Amino acid sequence: MKGKLYLVATPIGNLDDITLRALKTLREVDLIAAEDTRHTLGLLNHFEISKPLISYYKQNEKVKSEILIKKLLEGKNIAVVSDAGTPGISDPGEEIVKIAIQNEIEIVPIPGACAFINALIASGLSSREFVFIGFLSAVKKEKKEKLEEIKYETKTLILYEAPHKLKGTLELIYEILGDRNIVLARELTKIHEEFIRDNVSNILNRIDEIKGEFVILIEGNSESKRDLELSELNGKTLEEHYEFYLNQGLDKKEIIKKIAKDRNTSKNEIYQYFLNK
Ligand code: SAM
């Protein structure tokens, strides 16, 4: 019989956040695949769990996944853990899940701490709809491109960032997204847990005081790209409006329909206007 692959969430700071099910799973599996074996050993020692560990991190994810799949096919139960939080969320995990599915291996998520979920629910920003971005690229050009891409997103945006990159990232957010309301969820579950709710410029003014690990949450754009486009189009003449859609390759009938919709008027009125021209 094939073994099962358990994806076990571990605490993001406060060890009391380990779940009973996580402990039970870590005690019962044959092997634990850990992002950093030394780090996980600390966790296991704390809970008096002794288990063979194998390293499984982003750079060796593919090769190690093959090794782990072989063991799973031999019937071994394996738990994947990351240094902190939920595996597969800006952490290794995705690769082995894909290969396990191909090999028809059962995958069992063991829920627990996840930094962005806890940051979001306490942020005060909309948690009804949100976009989790994770880490932005370390390459400045790509980082800028991503921010440009999400500029008009109306849903709450969630980023992870390394402490030493906070200032640079906030400066880019200010430059590209504007002086939005943001929340820095700092040191979650730890002694100095704090939620800093302010606009980007005010936070940048006191950036040197802000230390530790944090999640950045950004209020979504109040106007969608389409809203902005519409207010711009409706400020144009009808001829310019027509031209805009003509440049998109639409035919006359489609253009008239679109203009009428944009301007909340009848197709006939627009049609008559161009007929009388
Ligand atoms: N897999 C983890 C999870 O489920 O949240 C995320 C791991 S990712 C490599 C690490 C990033 O998560 C940090 O750079 C930070 O943005 C965020 N993070 C992790 N622990 C945190 C904490 N205690 N407080 C605030 N942010 C945290």
# chains A, B, ... in the order shown; residues from 1 in each chain; ligands from 1
call {"tool": "residues_near_ligand", "arguments": {"ligand": "ligand 1", "cutoff": "8 Å", "atoms": "only C-alpha atoms and all ligand atoms", "output": "ChimeraX atom specification"}}
result
/A:9,12-13,82-91,113-117,119,134-135,159-163,185-190,193,212-216
call {"tool": "write_last_selection", "arguments": {"atoms": "C-alpha atoms", "output": "PDB file, in the first residue's frame"}}
result
ATOM      1  CA  ALA A   9       1.546  23.569   9.290  1.00  0.00           C
ATOM      2  CA  ILE A  12       4.978  31.136  12.960  1.00  0.00           C
ATOM      3  CA  GLY A  13       6.481  32.241  16.268  1.00  0.00           C
ATOM      4  CA  SER A  82       8.508  24.350   6.366  1.00  0.00           C
ATOM      5  CA  ASP A  83      10.436  26.544   8.788  1.00  0.00           C
ATOM      6  CA  ALA A  84       7.247  28.259   9.848  1.00  0.00           C
ATOM      7  CA  GLY A  85       3.604  28.275   8.860  1.00  0.00           C
ATOM      8  CA  THR A  86       1.901  26.408   6.078  1.00  0.00           C
ATOM      9  CA  PRO A  87       3.978  24.460   3.546  1.00  0.00           C
ATOM     10  CA  GLY A  88       3.401  25.549  -0.050  1.00  0.00           C
ATOM     11  CA  ILE A  89       2.602  29.145   0.942  1.00  0.00           C
ATOM     12  CA  SER A  90       5.751  31.008  -0.171  1.00  0.00           C
ATOM     13  CA  ASP A  91       7.526  27.881   1.008  1.00  0.00           C
ATOM     14  CA  ALA A 113      -0.668  28.821  11.359  1.00  0.00           C
ATOM     15  CA  CYS A 114      -0.313  30.906   8.221  1.00  0.00           C
ATOM     16  CA  ALA A 115       1.034  34.447   8.499  1.00  0.00           C
ATOM     17  CA  PHE A 116      -1.062  36.090   5.812  1.00  0.00           C
ATOM     18  CA  ILE A 117      -4.410  34.679   6.949  1.00  0.00           C
ATOM     19  CA  ALA A 119      -2.559  39.294   9.205  1.00  0.00           C
ATOM     20  CA  GLY A 134       3.613  36.478  -1.602  1.00  0.00           C
ATOM     21  CA  PHE A 135       7.170  37.725  -2.153  1.00  0.00           C
ATOM     22  CA  LEU A 159       2.653  40.699   0.307  1.00  0.00           C
ATOM     23  CA  TYR A 160       5.389  38.936   2.200  1.00  0.00           C
ATOM     24  CA  GLU A 161       8.710  40.714   2.499  1.00  0.00           C
ATOM     25  CA  ALA A 162      12.065  40.207   4.173  1.00  0.00           C
ATOM     26  CA  PRO A 163      12.711  42.706   7.017  1.00  0.00           C
ATOM     27  CA  ALA A 185       1.213  42.975  10.566  1.00  0.00           C
ATOM     28  CA  ARG A 186       4.383  42.676  12.589  1.00  0.00           C
ATOM     29  CA  GLU A 187       5.767  39.786  14.640  1.00  0.00           C
ATOM     30  CA  LEU A 188       2.518  37.802  14.502  1.00  0.00           C
ATOM     31  CA  THR A 189       1.904  35.458  17.436  1.00  0.00           C
ATOM     32  CA  LYS A 190       5.077  36.732  19.161  1.00  0.00           C
ATOM     33  CA  GLU A 193       2.921  41.435  17.794  1.00  0.00           C
ATOM     34  CA  GLY A 212      10.940  42.245  12.832  1.00  0.00           C
ATOM     35  CA  GLU A 213       8.935  40.032  10.512  1.00  0.00           C
ATOM     36  CA  PHE A 214       5.822  41.372   8.884  1.00  0.00           C
ATOM     37  CA  VAL A 215       3.130  40.943   6.300  1.00  0.00           C
ATOM     38  CA  ILE A 216       2.237  43.964   4.148  1.00  0.00           C
TER      39      ILE A 216
END
call {"tool": "residues_around", "arguments": {"residues": "Phe274 of chain A", "least_positions_apart": "3", "cutoff": "9 Å", "atoms": "only C-alpha atoms", "output": "list in words"}}
result
Leu238, Glu239, Glu269, Ile270, Tyr271 and Lys277 of chain A
call {"tool": "write_last_selection", "arguments": {"atoms": "N, CA and C atoms", "output": "compact mmCIF listing (two decimals), in the first residue's frame"}}
result
# COMPACT_ATOMS: atom_id res chain seq x y z
N LEU A 238 -17.57 62.37 -28.61
CA LEU A 238 -18.09 61.10 -29.15
C LEU A 238 -17.18 60.56 -30.25
N GLU A 239 -16.58 61.48 -31.00
CA GLU A 239 -15.67 61.06 -32.08
C GLU A 239 -14.44 60.36 -31.49
N GLU A 269 -29.66 56.77 -30.04
CA GLU A 269 -29.18 58.15 -29.88
C GLU A 269 -27.77 58.31 -30.46
N ILE A 270 -26.91 57.34 -30.17
CA ILE A 270 -25.52 57.39 -30.66
C ILE A 270 -25.52 57.22 -32.18
N TYR A 271 -26.37 56.31 -32.63
CA TYR A 271 -26.46 56.03 -34.06
C TYR A 271 -26.88 57.30 -34.81
N LYS A 277 -23.80 63.38 -38.88
CA LYS A 277 -22.47 64.00 -39.00
C LYS A 277 -22.10 64.18 -40.47
call {"tool": "residues_around", "arguments": {"residues": "segment 147-150 of chain A", "least_positions_apart": "4", "cutoff": "8 Å", "atoms": "only C-alpha atoms", "output": "list in words"}}
result
Lys143, Ile173, Ile176 and Leu177 of chain A
call {"tool": "residues_around", "arguments": {"residues": "Ala33 of chain A", "least_positions_apart": "4", "cutoff": "12 Å", "atoms": "only C-alpha atoms", "output": "PyMOL selection string"}}
result
chain A and resi 5-8+26+29+37-41+51-57+60-61+64-65+67-69+71-72+77-83+87+92-93+96
call {"tool": "closest_residue", "arguments": {"among": "A:Leu172, A:Met1, A:Ile196, A:Leu44", "to": "Ala22 of chain A", "atoms": "only C-alpha atoms"}}
result
A:Leu44
call {"tool": "residues_around", "arguments": {"residues": "segment 219-227 of chain A", "least_positions_apart": "5", "cutoff": "6 Å", "atoms": "only C-alpha atoms", "output": "list in words"}}
result
Tyr152, Glu153, Thr154, Lys155, Thr156, Asn181 and Ile182 of chain A
call {"tool": "write_last_selection", "arguments": {"atoms": "N, CA and C atoms", "output": "PDB file, in the first residue's frame"}}
result
ATOM      1  N   TYR A 152      -4.360  48.482 -10.285  1.00  0.00           N
ATOM      2  CA  TYR A 152      -5.799  48.762 -10.340  1.00  0.00           C
ATOM      3  C   TYR A 152      -6.641  47.695  -9.648  1.00  0.00           C
ATOM      4  N   GLU A 153      -5.980  46.777  -8.977  1.00  0.00           N
ATOM      5  CA  GLU A 153      -6.723  45.713  -8.300  1.00  0.00           C
ATOM      6  C   GLU A 153      -7.554  46.322  -7.168  1.00  0.00           C
ATOM      7  N   THR A 154      -8.838  45.992  -7.131  1.00  0.00           N
ATOM      8  CA  THR A 154      -9.700  46.585  -6.096  1.00  0.00           C
ATOM      9  C   THR A 154      -9.738  45.724  -4.829  1.00  0.00           C
ATOM     10  N   LYS A 155      -9.229  44.502  -4.937  1.00  0.00           N
ATOM     11  CA  LYS A 155      -9.233  43.625  -3.751  1.00  0.00           C
ATOM     12  C   LYS A 155      -8.025  43.935  -2.863  1.00  0.00           C
ATOM     13  N   THR A 156      -8.109  43.556  -1.596  1.00  0.00           N
ATOM     14  CA  THR A 156      -6.981  43.742  -0.680  1.00  0.00           C
ATOM     15  C   THR A 156      -5.773  42.963  -1.202  1.00  0.00           C
ATOM     16  N   ASN A 181      -3.678  53.340   2.006  1.00  0.00           N
ATOM     17  CA  ASN A 181      -3.730  52.828   3.374  1.00  0.00           C
ATOM     18  C   ASN A 181      -3.143  51.430   3.359  1.00  0.00           C
ATOM     19  N   ILE A 182      -2.229  51.199   4.270  1.00  0.00           N
ATOM     20  CA  ILE A 182      -1.663  49.854   4.359  1.00  0.00           C
ATOM     21  C   ILE A 182      -1.660  49.400   5.821  1.00  0.00           C
TER      22      ILE A 182
END
call {"tool": "atom_distance", "arguments": {"atom1": "atom CA of Asp262 of chain A", "atom2": "atom CA of Lys146 of chain A"}}
result
28.9 Å
call {"tool": "closest_residue", "arguments": {"among": "A:Ile158, A:Ile107, A:Glu145, A:Tyr242", "to": "Glu254 of chain A", "atoms": "only C-alpha atoms"}}
result
A:Tyr242
